[in-house]
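Shown next: model39.cif, given as mmCIF, C-alpha atoms.
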data_data
#
loop_
_atom_site.label_atom_id
_atom_site.label_comp_id
_atom_site.auth_asym_id
_atom_site.auth_seq_id
_atom_site.Cartn_x
_atom_site.Cartn_y
_atom_site.Cartn_z
CA MET A 1 71.85 77.25 -4.15
CA ASN A 2 71.97 74.63 -1.42
CA LEU A 3 70.95 76.09 1.92
CA ASN A 4 71.27 73.46 4.59
CA ASP A 5 70.85 74.00 8.32
CA ILE A 6 72.24 70.49 8.93
CA ASP A 7 75.71 71.86 8.12
CA PHE A 8 75.62 73.98 11.29
CA ILE A 9 74.18 71.63 13.90
CA GLU A 10 74.98 68.48 15.84
CA SER A 11 73.13 65.30 14.96
CA SER A 12 71.25 65.50 18.28
CA ASP A 13 69.81 68.94 17.48
CA LYS A 14 66.28 68.21 16.34
CA ILE A 15 64.61 71.60 16.19
CA VAL A 16 66.57 74.35 14.46
CA ALA A 17 65.53 78.01 14.44
CA GLY A 18 66.97 80.65 12.13
CA ILE A 19 66.92 84.31 13.11
CA ASP A 20 67.57 87.41 11.04
CA GLU A 21 66.54 91.06 10.98
CA ALA A 22 65.67 93.85 8.61
CA GLY A 23 66.03 97.54 9.28
CA ARG A 24 69.43 98.09 10.88
CA GLY A 25 70.61 100.53 8.20
CA PRO A 26 67.74 102.85 7.31
CA LEU A 27 67.15 106.44 8.39
CA ALA A 28 63.56 105.74 9.46
CA GLY A 29 61.33 102.91 10.59
CA PRO A 30 61.56 99.98 12.97
CA VAL A 31 63.98 97.10 13.18
CA VAL A 32 62.13 93.83 12.57
CA ALA A 33 63.45 90.37 13.39
CA SER A 34 62.03 86.98 12.56
CA CYS A 35 62.61 83.49 13.89
CA VAL A 36 61.68 80.62 11.54
CA ILE A 37 61.58 76.89 12.25
CA PHE A 38 60.98 74.29 9.57
CA ASP A 39 60.49 70.58 9.79
CA ARG A 40 63.96 69.05 9.47
CA TYR A 41 63.22 67.76 5.95
CA THR A 42 61.77 70.95 4.47
CA ASP A 43 63.38 72.15 1.28
CA ILE A 44 62.08 75.25 -0.48
CA ALA A 45 63.45 76.21 -3.86
CA ASN A 46 64.71 79.72 -4.56
CA ILE A 47 65.02 80.82 -0.93
CA ASN A 48 67.93 83.19 -0.47
CA ASP A 49 69.00 86.28 1.43
CA SER A 50 66.09 88.73 1.13
CA LYS A 51 68.42 91.44 -0.22
CA LYS A 52 69.17 89.25 -3.23
CA LEU A 53 65.50 88.79 -4.16
CA SER A 54 63.09 91.07 -5.97
CA THR A 55 60.10 92.44 -4.10
CA GLN A 56 57.78 90.10 -6.01
CA LYS A 57 59.94 87.05 -5.30
CA ARG A 58 60.09 87.96 -1.59
CA LYS A 59 56.30 88.26 -1.42
CA LEU A 60 55.85 84.90 -3.12
CA LEU A 61 58.38 83.19 -0.85
CA TYR A 62 56.85 84.88 2.20
CA LYS A 63 53.61 82.99 1.49
CA VAL A 64 55.47 79.72 0.86
CA ILE A 65 57.42 80.10 4.11
CA LYS A 66 54.21 80.86 6.06
CA GLU A 67 52.65 77.69 4.60
CA ASN A 68 55.65 75.44 5.34
CA ALA A 69 57.15 76.69 8.61
CA ILE A 70 56.19 74.94 11.82
CA SER A 71 56.89 78.12 13.79
CA ILE A 72 57.36 81.79 12.95
CA GLY A 73 58.00 84.50 15.51
CA VAL A 74 58.37 88.20 14.80
CA GLY A 75 59.84 90.94 16.95
CA ILE A 76 59.48 94.65 16.19
CA VAL A 77 61.32 97.48 17.91
CA HIS A 78 60.12 100.91 16.91
CA GLU A 79 62.02 104.15 16.41
CA ARG A 80 61.57 105.54 19.91
CA GLU A 81 63.18 102.49 21.48
CA ILE A 82 65.98 102.56 18.91
CA ASP A 83 66.59 106.22 19.75
CA LYS A 84 66.56 105.52 23.51
CA SER A 85 69.16 102.75 23.34
CA ASN A 86 70.94 102.14 20.03
CA ILE A 87 70.42 100.04 16.93
CA LEU A 88 72.42 97.04 18.18
CA THR A 89 70.50 96.87 21.47
CA ALA A 90 67.22 97.29 19.56
CA THR A 91 68.21 94.54 17.11
CA VAL A 92 69.01 92.09 19.90
CA LEU A 93 65.70 92.94 21.59
CA ALA A 94 63.81 92.36 18.32
CA MET A 95 65.59 89.00 17.87
CA LYS A 96 64.84 87.91 21.46
CA THR A 97 61.21 88.90 20.98
CA ALA A 98 61.00 86.97 17.69
CA LEU A 99 62.43 83.87 19.41
CA ALA A 100 59.96 84.24 22.30
CA ASN A 101 57.01 84.81 19.94
CA GLY A 102 57.48 81.48 18.17
CA ASN A 103 55.37 78.59 19.37
CA ILE A 104 58.26 76.09 19.63
CA ASP A 105 61.36 76.17 21.81
CA PRO A 106 64.25 75.19 19.49
CA ASP A 107 67.21 72.96 20.36
CA VAL A 108 69.58 75.27 18.50
CA VAL A 109 69.31 78.87 17.28
CA LEU A 110 71.21 79.95 14.17
CA ILE A 111 71.69 83.72 14.13
CA ASP A 112 72.73 85.74 11.11
CA GLY A 113 75.84 87.75 11.90
CA ASN A 114 78.67 87.58 14.39
CA ARG A 115 78.95 88.11 18.13
CA VAL A 116 75.23 88.38 18.83
CA SER A 117 73.94 86.53 21.86
CA LEU A 118 70.28 86.01 22.62
CA GLY A 119 70.93 84.02 25.77
CA HIS A 120 69.84 80.67 24.30
CA ASN A 121 71.84 77.73 25.65
CA ASN A 122 72.72 76.53 22.12
CA GLU A 123 73.13 79.40 19.67
CA LYS A 124 75.48 79.83 16.75
CA CYS A 125 76.28 83.00 14.85
CA ILE A 126 76.81 82.53 11.14
CA VAL A 127 78.37 85.31 9.12
CA LYS A 128 76.31 85.77 5.94
CA GLY A 129 73.96 83.16 7.39
CA ASP A 130 71.12 84.43 5.20
CA SER A 131 73.07 83.02 2.22
CA LYS A 132 74.01 79.74 3.95
CA SER A 133 71.09 78.59 6.09
CA LEU A 134 67.53 77.84 4.95
CA SER A 135 65.95 78.95 8.23
CA ILE A 136 67.99 82.17 8.44
CA ALA A 137 67.22 83.01 4.79
CA ALA A 138 63.52 82.39 5.48
CA ALA A 139 63.73 84.61 8.58
CA SER A 140 65.34 87.36 6.49
CA ILE A 141 62.41 87.20 4.04
CA ILE A 142 59.75 87.26 6.78
CA ALA A 143 61.50 90.19 8.50
CA LYS A 144 61.96 92.19 5.28
CA VAL A 145 58.40 91.69 4.01
CA THR A 146 56.99 92.51 7.45
CA ARG A 147 59.09 95.68 7.67
CA ASP A 148 58.16 96.71 4.14
CA LYS A 149 54.46 96.40 5.05
CA ILE A 150 55.04 98.69 8.04
CA MET A 151 56.87 101.23 5.88
CA ASN A 152 54.04 101.13 3.32
CA GLU A 153 51.67 102.10 6.14
CA TYR A 154 54.05 104.89 7.22
CA ALA A 155 53.96 106.11 3.60
CA LYS A 156 50.23 106.76 3.95
CA ILE A 157 50.79 108.83 7.09
CA PHE A 158 53.93 110.64 5.86
CA PRO A 159 53.65 110.73 2.04
CA ARG A 160 56.30 113.41 1.55
CA TYR A 161 59.06 111.05 2.76
CA ASP A 162 58.48 108.60 -0.15
CA PHE A 163 58.58 105.55 2.16
CA ILE A 164 56.58 103.63 -0.43
CA ASN A 165 59.70 103.63 -2.60
CA ASN A 166 62.66 103.97 -0.24
CA LYS A 167 61.35 102.04 2.83
CA GLY A 168 63.24 104.50 5.03
CA TYR A 169 66.66 103.92 3.48
CA GLY A 170 68.76 106.85 2.29
CA THR A 171 68.62 107.56 -1.44
CA LYS A 172 70.14 110.06 -3.86
CA LYS A 173 67.00 112.17 -3.40
CA HIS A 174 67.97 112.74 0.23
#
Let's see the structure in the file written out as structure tokens.
Amino acid sequence: MNLNDIDFIESSDKIVAGIDEAGRGPLAGPVVASCVIFDRYTDIANINDSKKLSTQKRKLLYKVIKENAISIGVGIVHEREIDKSNILTATVLAMKTALANGNIDPDVVLIDGNRVSLGHNNEKCIVKGDSKSLSIAAASIIAKVTRDKIMNEYAKIFPRYDFINNKGYGTKKH
């Protein structure tokens, strides 16, 4: 699969950030967003939408992304905030926090999805961006692995909810 951020930017855009989230659909747990920036010439094999990767592949790519990214920011919005506002507001807050937590201010921000605005002066929403953009796909992996780690910790506190296996998503057992 050829994931290329260059397809979505102008030639003058030098620093490209990809943003994605994990945790908009589960019954429990936080929403986690990540913002990833690579050097313009970075190419990492086998990166894809985190939902299309096995847990082991995600963990491996998580390490590779951490080693190759020039900036990674993460934003986490926990259940109480989600319950106070709503999941869309919480998702946007997590994305804004991820962007702010990176150590580089990008020229352009590529956001997975449609009609989401983070207030950046040059942002582009890309439907199914986690299958089209290297930086968005990397952000989806960072967000998913980070969220899974949180849910594994929740599993220790609340073992009867089986978070170790379901990560807070509804299953047939429910």
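Evaluated against this file, the PyMOL selection byres ((chain A and resi 93) around 9) yields A:Ala33, A:Gly75, A:Ile76, A:Val77, A:Leu88, A:Thr89, A:Ala90, A:Thr91, A:Val92, A:Ala94, A:Met95, A:Lys96, A:Thr97, A:Ala98, A:Leu118.
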(request) I need the residue set behind the PyMOL selection byres ((chain A and resi 137-153) around 8) for this file; please write it as a PyMOL selection string. (result) chain A and resi 18-23+29-36+47-50+58-59+61-62+65+74+129-136+154-157+163-164+167-168
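Atom pair atom CA of A:Leu27 / atom CA of A:Tyr169 has a distance of 5.5 Å (rounded to one decimal).
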(request) Point out the residue among A:Gly73, A:Tyr161, A:Glu10, A:Asn103 with the least atom-to-atom distance to A:Glu123, counting only C-alpha atoms. (result)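 The shortest atom-to-atom distance to A:Glu123 comes from A:Glu10.
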(message) Can you translate the PyMOL selection byres ((chain A and resi 68) around 9) into the concrete residues it hits in this file, as a list in words?
(response)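 Listing what the PyMOL selection byres ((chain A and resi 68) around 9) selects in the shown file: Phe38, Asp39, Thr42, Ile44, Lys63, Val64, Ile65, Lys66, Glu67, Ala69, Ile70 and Ser71 of chain A.
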(request) Please measure the separation of atom CA of A:Ala28 and atom CA of A:Gly102, giving the value in Å to one decimal. (result)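 So the two atoms, atom CA of A:Ala28 and atom CA of A:Gly102, lie 26.5 Å apart.
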Any chance you could work out the axis-aligned box around stretch 106-119 of chain A, listed atoms only, 6 Å on each side, giving centre and edge lengths in Å to one decimal, as JSON?
{"center_x": 71.6, "center_y": 80.7, "center_z": 18.4, "size_x": 26.7, "size_y": 27.4, "size_z": 26.7}
(request) Work out how far apart atom CA of A:Ile6 and atom CA of A:Arg40 are and give it in Å to one decimal. (result)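 Pair atom CA of A:Ile6 / atom CA of A:Arg40 returns 8.4 Å.
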